[in-house]
Amino acid sequence: MLELADVSKVYRQAERVVPVLQDISFSVARGELCALVGPSGSGKTSLLNLIGLLDRPSAGTLAIDGARVTDCSAAAAARLRNRLIGFVFQSFHLLPRLTAWQNVALPLQYRGVPRARQRAQAEAMLARLGLADRSTHLPGQLSGGQNQRVAIARALIGSPRLLLADEPTGSLDSATGREVMALLAALHAELGLTIVIVTHDQQVAAACPRRIALRDGRLAGSADE
Ligand SMILES: Nc1ncnc2c1ncn2[C@@H]1O[C@H](COP(=O)(O)OP(=O)(O)OP(=O)(O)O)[C@@H](O)[C@H]1O
Ligand SMILES: [Mg+2]
């Protein structure tokens, strides 16, 4: 599903070149549920952004679902991202003036799905995540756990093959965080999705069958530790 070979990333700042990821090679099979762990600043978000085609490596190659994405155009990368990848963020990244269903429908809107069908599909996905009675609420009218479920619904609405989550439980209290993690694990089992979750939370990491650890921008061993 995912293959990285000698991936490196440097950020350029004024006169300095800051190395952030160095010679990262690993692969993730279809249907794996992986935690990406490591200390703050070790490069987890940078790596997730590369995998999610939000950014490009400085060196090395990346293939997603058999497609080598490192040399494709920005437009082709955006199409692949829309078709293959769903994202969940720590702070939800919902649009505050759109209702729950309108937020969920955004990826369908980008694909040109007619509005009535957008709404029907978005409401069905919200119902599946236990939010049938919240579809016309705004993000400000929902709890953190509910907003994260809206964000998960938005990530799943386009039937992605790969779900990427950056600290999805980081803004939630521990009980709500456990619920969100249980939901992700259930969706993983039900849909056979490949999931990569960046987390600081030991319990979240422990709930994942595979852990990939970063330290100072390098792989610290992808086996169980
Ligand atoms: N756009 C950027 N320009 C320059 N340096 C950056 C940029 N983004 C990240 N960095 C640096 O890259 C390193 C890794 O950052 P990254 O956000 O990937 O870490 P992280 O493992 O996700 O940390 P955290 O657990 O705190 O979220 C940090 O030293 C950071 O300062
Ligand atoms: Mg981060």
# chains A, B, ... in the order shown; residues from 1 in each chain; ligands from 1

call {"tool": "closest_atom_pairs", "arguments": {"of": "chain A", "to": "ligand 1", "cutoff": "12 Å", "atoms": "only C-alpha atoms and all ligand atoms", "output": "tab-separated table"}}
result
residue	atom	partner	partner_atom_place_in_ligand_line	distance
A:Ser8	CA	ligand 1	12 (O)	11.8
A:Lys9	CA	ligand 1	12 (O)	9.0
A:Val10	CA	ligand 1	5 (N)	7.9
A:Tyr11	CA	ligand 1	4 (C)	4.8
A:Arg12	CA	ligand 1	4 (C)	6.5
A:Gln13	CA	ligand 1	4 (C)	6.2
A:Ala14	CA	ligand 1	4 (C)	9.9
A:Glu15	CA	ligand 1	4 (C)	11.9
A:Arg16	CA	ligand 1	4 (C)	9.6
A:Val17	CA	ligand 1	4 (C)	8.6
A:Val18	CA	ligand 1	5 (N)	6.4
A:Pro19	CA	ligand 1	12 (O)	7.5
A:Val20	CA	ligand 1	12 (O)	4.9
A:Leu21	CA	ligand 1	14 (C)	7.8
A:Gln22	CA	ligand 1	14 (C)	11.3
A:Leu36	CA	ligand 1	21 (O)	9.2
A:Val37	CA	ligand 1	21 (O)	7.9
A:Gly38	CA	ligand 1	21 (O)	6.3
A:Pro39	CA	ligand 1	25 (O)	5.9
A:Ser40	CA	ligand 1	25 (O)	3.4
A:Gly41	CA	ligand 1	19 (O)	3.5
A:Ser42	CA	ligand 1	21 (O)	4.0
A:Gly43	CA	ligand 1	18 (O)	3.2
A:Lys44	CA	ligand 1	21 (O)	3.7
A:Thr45	CA	ligand 1	22 (O)	3.6
A:Ser46	CA	ligand 1	18 (O)	3.7
A:Leu47	CA	ligand 1	18 (O)	6.4
A:Leu48	CA	ligand 1	18 (O)	8.0
A:Asn49	CA	ligand 1	18 (O)	8.4
A:Leu50	CA	ligand 1	18 (O)	10.1
A:Leu54	CA	ligand 1	1 (N)	11.9
A:Asp55	CA	ligand 1	1 (N)	10.1
A:Arg56	CA	ligand 1	1 (N)	12.0
A:Phe89	CA	ligand 1	27 (O)	11.1
A:Gln90	CA	ligand 1	27 (O)	9.7
A:Ala165	CA	ligand 1	22 (O)	11.6
A:Asp166	CA	ligand 1	22 (O)	8.1
A:Glu167	CA	ligand 1	27 (O)	8.0
A:Pro168	CA	ligand 1	27 (O)	11.6
A:Gly170	CA	ligand 1	27 (O)	10.1
A:Ile197	CA	ligand 1	22 (O)	11.5
A:Val198	CA	ligand 1	22 (O)	7.9
A:Thr199	CA	ligand 1	25 (O)	7.7
A:His200	CA	ligand 1	25 (O)	7.0
A:Asp201	CA	ligand 1	25 (O)	10.6
A:Ala213	CA	ligand 1	21 (O)	10.1
A:Leu214	CA	ligand 1	21 (O)	7.8
A:Arg215	CA	ligand 1	21 (O)	8.5
A:Asp216	CA	ligand 1	14 (C)	8.1
A:Gly217	CA	ligand 1	14 (C)	7.2
A:Arg218	CA	ligand 1	21 (O)	10.9
A:Leu219	CA	ligand 1	21 (O)	11.9

call {"tool": "write_last_selection", "arguments": {"atoms": "N, CA and C atoms", "output": "compact mmCIF listing (two decimals), in the first residue's frame"}}
result
# COMPACT_ATOMS: atom_id res chain seq x y z
N SER A 8 14.18 11.45 2.52
CA SER A 8 14.73 12.49 3.38
C SER A 8 13.98 13.78 3.15
N LYS A 9 13.97 14.62 4.18
CA LYS A 9 13.32 15.92 4.05
C LYS A 9 14.17 16.96 4.75
N VAL A 10 14.46 18.04 4.07
CA VAL A 10 15.10 19.19 4.73
C VAL A 10 14.19 20.39 4.54
N TYR A 11 14.11 21.22 5.57
CA TYR A 11 13.42 22.50 5.41
C TYR A 11 14.50 23.56 5.23
N ARG A 12 14.28 24.47 4.32
CA ARG A 12 15.23 25.58 4.12
C ARG A 12 14.72 26.81 4.82
N GLN A 13 15.55 27.35 5.69
CA GLN A 13 15.17 28.54 6.44
C GLN A 13 16.26 29.56 6.26
N ALA A 14 15.92 30.67 5.64
CA ALA A 14 16.90 31.72 5.37
C ALA A 14 18.20 31.08 4.86
N GLU A 15 19.27 31.18 5.64
CA GLU A 15 20.56 30.67 5.14
C GLU A 15 20.82 29.24 5.60
N ARG A 16 19.88 28.69 6.42
CA ARG A 16 20.14 27.36 6.99
C ARG A 16 19.33 26.28 6.32
N VAL A 17 19.90 25.09 6.27
CA VAL A 17 19.18 23.91 5.80
C VAL A 17 18.97 23.01 7.01
N VAL A 18 17.69 22.77 7.35
CA VAL A 18 17.38 21.99 8.55
C VAL A 18 16.96 20.58 8.15
N PRO A 19 17.78 19.58 8.45
CA PRO A 19 17.37 18.20 8.13
C PRO A 19 16.32 17.73 9.13
N VAL A 20 15.24 17.18 8.63
CA VAL A 20 14.14 16.78 9.51
C VAL A 20 13.88 15.27 9.44
N LEU A 21 14.04 14.70 8.24
CA LEU A 21 13.89 13.26 8.09
C LEU A 21 15.07 12.74 7.29
N GLN A 22 15.64 11.63 7.73
CA GLN A 22 16.82 11.12 7.05
C GLN A 22 16.71 9.63 6.74
N LEU A 36 2.50 5.71 14.49
CA LEU A 36 3.77 6.38 14.23
C LEU A 36 4.10 7.16 15.50
N VAL A 37 5.16 6.74 16.19
CA VAL A 37 5.45 7.31 17.51
C VAL A 37 6.86 7.91 17.52
N GLY A 38 7.11 8.73 18.55
CA GLY A 38 8.43 9.34 18.70
C GLY A 38 8.29 10.64 19.48
N PRO A 39 9.41 11.14 20.02
CA PRO A 39 9.35 12.36 20.82
C PRO A 39 8.90 13.57 19.98
N SER A 40 8.48 14.61 20.67
CA SER A 40 8.11 15.85 20.00
C SER A 40 9.30 16.35 19.17
N GLY A 41 9.03 16.72 17.93
CA GLY A 41 10.10 17.23 17.07
C GLY A 41 10.86 16.14 16.33
N SER A 42 10.46 14.89 16.49
CA SER A 42 11.20 13.80 15.83
C SER A 42 10.84 13.65 14.35
N GLY A 43 9.80 14.38 13.90
CA GLY A 43 9.49 14.37 12.47
C GLY A 43 8.23 13.63 12.08
N LYS A 44 7.38 13.31 13.06
CA LYS A 44 6.18 12.51 12.78
C LYS A 44 5.23 13.24 11.82
N THR A 45 4.92 14.50 12.13
CA THR A 45 3.99 15.26 11.28
C THR A 45 4.60 15.47 9.90
N SER A 46 5.91 15.77 9.87
CA SER A 46 6.58 15.94 8.57
C SER A 46 6.45 14.68 7.73
N LEU A 47 6.63 13.52 8.36
CA LEU A 47 6.53 12.25 7.63
C LEU A 47 5.09 11.99 7.17
N LEU A 48 4.14 12.28 8.05
CA LEU A 48 2.74 12.05 7.67
C LEU A 48 2.35 12.96 6.49
N ASN A 49 2.87 14.19 6.50
CA ASN A 49 2.57 15.11 5.40
C ASN A 49 3.15 14.62 4.07
N LEU A 50 4.30 13.95 4.14
CA LEU A 50 4.87 13.37 2.91
C LEU A 50 3.99 12.21 2.43
N LEU A 54 0.86 15.98 1.01
CA LEU A 54 0.72 17.41 1.30
C LEU A 54 2.06 18.11 1.12
N ASP A 55 3.14 17.31 1.03
CA ASP A 55 4.47 17.87 0.91
C ASP A 55 5.31 16.84 0.14
N ARG A 56 6.46 17.28 -0.34
CA ARG A 56 7.31 16.40 -1.14
C ARG A 56 8.62 16.11 -0.43
N PHE A 89 -7.12 15.28 11.83
CA PHE A 89 -6.12 16.11 12.52
C PHE A 89 -6.49 16.25 14.00
N GLN A 90 -5.48 16.63 14.78
CA GLN A 90 -5.71 16.83 16.21
C GLN A 90 -6.80 17.87 16.47
N ALA A 165 -3.95 9.89 10.38
CA ALA A 165 -4.47 10.66 11.51
C ALA A 165 -3.28 11.20 12.32
N ASP A 166 -3.27 12.52 12.54
CA ASP A 166 -2.18 13.15 13.29
C ASP A 166 -2.70 13.52 14.67
N GLU A 167 -2.34 12.76 15.69
CA GLU A 167 -2.79 12.99 17.07
C GLU A 167 -4.32 13.12 17.14
N PRO A 168 -5.06 12.14 16.64
CA PRO A 168 -6.53 12.28 16.58
C PRO A 168 -7.17 12.36 17.95
N GLY A 170 -5.50 13.81 20.55
CA GLY A 170 -4.69 14.77 21.31
C GLY A 170 -5.47 15.92 21.94
N ILE A 197 -1.53 6.21 12.32
CA ILE A 197 -1.93 7.16 13.36
C ILE A 197 -0.69 7.68 14.07
N VAL A 198 -0.47 8.99 13.99
CA VAL A 198 0.59 9.62 14.79
C VAL A 198 0.05 9.81 16.20
N THR A 199 0.79 9.37 17.19
CA THR A 199 0.28 9.52 18.56
C THR A 199 1.38 9.61 19.60
N HIS A 200 1.10 10.37 20.66
CA HIS A 200 1.93 10.40 21.85
C HIS A 200 1.36 9.47 22.92
N ASP A 201 0.13 9.03 22.66
CA ASP A 201 -0.63 8.34 23.70
C ASP A 201 -0.25 6.86 23.70
N ALA A 213 8.64 3.77 14.91
CA ALA A 213 9.16 4.77 15.83
C ALA A 213 10.20 5.64 15.15
N LEU A 214 10.09 6.95 15.37
CA LEU A 214 11.07 7.91 14.86
C LEU A 214 11.87 8.48 16.02
N ARG A 215 13.14 8.73 15.77
CA ARG A 215 13.95 9.46 16.74
C ARG A 215 14.88 10.36 15.96
N ASP A 216 14.83 11.66 16.24
CA ASP A 216 15.68 12.62 15.52
C ASP A 216 15.62 12.43 14.00
N GLY A 217 14.42 12.21 13.49
CA GLY A 217 14.25 12.14 12.04
C GLY A 217 14.70 10.84 11.40
N ARG A 218 15.05 9.87 12.24
CA ARG A 218 15.43 8.57 11.69
C ARG A 218 14.52 7.49 12.26
N LEU A 219 14.44 6.39 11.52
CA LEU A 219 13.66 5.26 11.99
C LEU A 219 14.37 4.65 13.19

call {"tool": "select_by_dssp", "arguments": {"residues": "segment 2-197 of chain A", "states": "alpha helix (DSSP H)", "output": "PyMOL selection string"}}
result
chain A and resi 44-51+74-84+100-110+115-128+144-156+174-191

call {"tool": "residues_around", "arguments": {"residues": "Arg79 of chain A", "least_positions_apart": "2", "cutoff": "12 Å", "atoms": "only C-alpha atoms", "output": "PyMOL selection string"}}
result
chain A and resi 52-54+69+72-77+81-85+107+110-111

call {"tool": "select_by_dssp", "arguments": {"residues": "segment 55-156 of chain A", "states": "strand (DSSP E)", "output": "list in words"}}
result
Ala59, Gly60, Thr61, Leu62, Ala63, Ile64, Ala67, Arg68, Ile85, Gly86, Phe87, Val88 and Phe89 of chain A

call {"tool": "closest_residue", "arguments": {"among": "A:Asn147, A:Ala186, A:Arg115, A:Ser91", "to": "ligand 2", "atoms": "only C-alpha atoms and all ligand atoms"}}
result
A:Ser91

call {"tool": "residues_around", "arguments": {"residues": "Leu162 of chain A", "least_positions_apart": "6", "cutoff": "12 Å", "atoms": "only C-alpha atoms", "output": "PyMOL selection string"}}
result
chain A and resi 1-2+28-34+48+51-53+64-65+80-88+155-156+187-188+191-197

call {"tool": "atom_distance", "arguments": {"atom1": "atom CA of Ser174 of chain A", "atom2": "atom CA of Ala206 of chain A"}}
result
14.5 Å

call {"tool": "atom_distance", "arguments": {"atom1": "atom CA of Arg117 of chain A", "atom2": "atom CA of Leu129 of chain A"}}
result
18.5 Å

call {"tool": "residues_around", "arguments": {"residues": "Gln146 of chain A", "least_positions_apart": "5", "cutoff": "10 Å", "atoms": "only C-alpha atoms", "output": "list of chain:residue names"}}
result
A:Ala100, A:Leu129, A:Gly130, A:Leu131, A:Arg134, A:Pro139, A:Gln141, A:Ala151, A:Ile152, A:Thr176, A:Val180

call {"tool": "atom_distance", "arguments": {"atom1": "atom CA of Gly60 of chain A", "atom2": "atom CA of Asp6 of chain A"}}
result
4.7 Å

call {"tool": "closest_residue", "arguments": {"among": "A:Ala35, A:Arg161, A:Ser143, A:Gln121", "to": "Gln203 of chain A", "atoms": "only C-alpha atoms"}}
result
A:Ala35

call {"tool": "residues_around", "arguments": {"residues": "Gly145 of chain A", "least_positions_apart": "4", "cutoff": "9 Å", "atoms": "only C-alpha atoms", "output": "list of chain:residue names"}}
result
A:Arg149, A:Val150, A:Thr169, A:Ser171, A:Leu172, A:Asp173, A:Thr176, A:Gly177, A:Glu179, A:Val180

call {"tool": "write_last_selection", "arguments": {"atoms": "C-alpha atoms", "output": "CSV table (one decimal), in the first residue's frame"}}
result
chain,number,residue,atom,x,y,z
A,149,ARG,CA,-16.3,12.0,14.6
A,150,VAL,CA,-17.5,14.6,12.0
A,169,THR,CA,-7.1,11.9,20.3
A,171,SER,CA,-7.4,17.4,21.9
A,172,LEU,CA,-9.8,15.0,23.7
A,173,ASP,CA,-10.1,13.9,27.3
A,176,THR,CA,-13.4,10.5,24.6
A,177,GLY,CA,-10.0,9.7,23.2
A,179,GLU,CA,-13.9,6.1,22.2
A,180,VAL,CA,-12.4,7.8,19.1
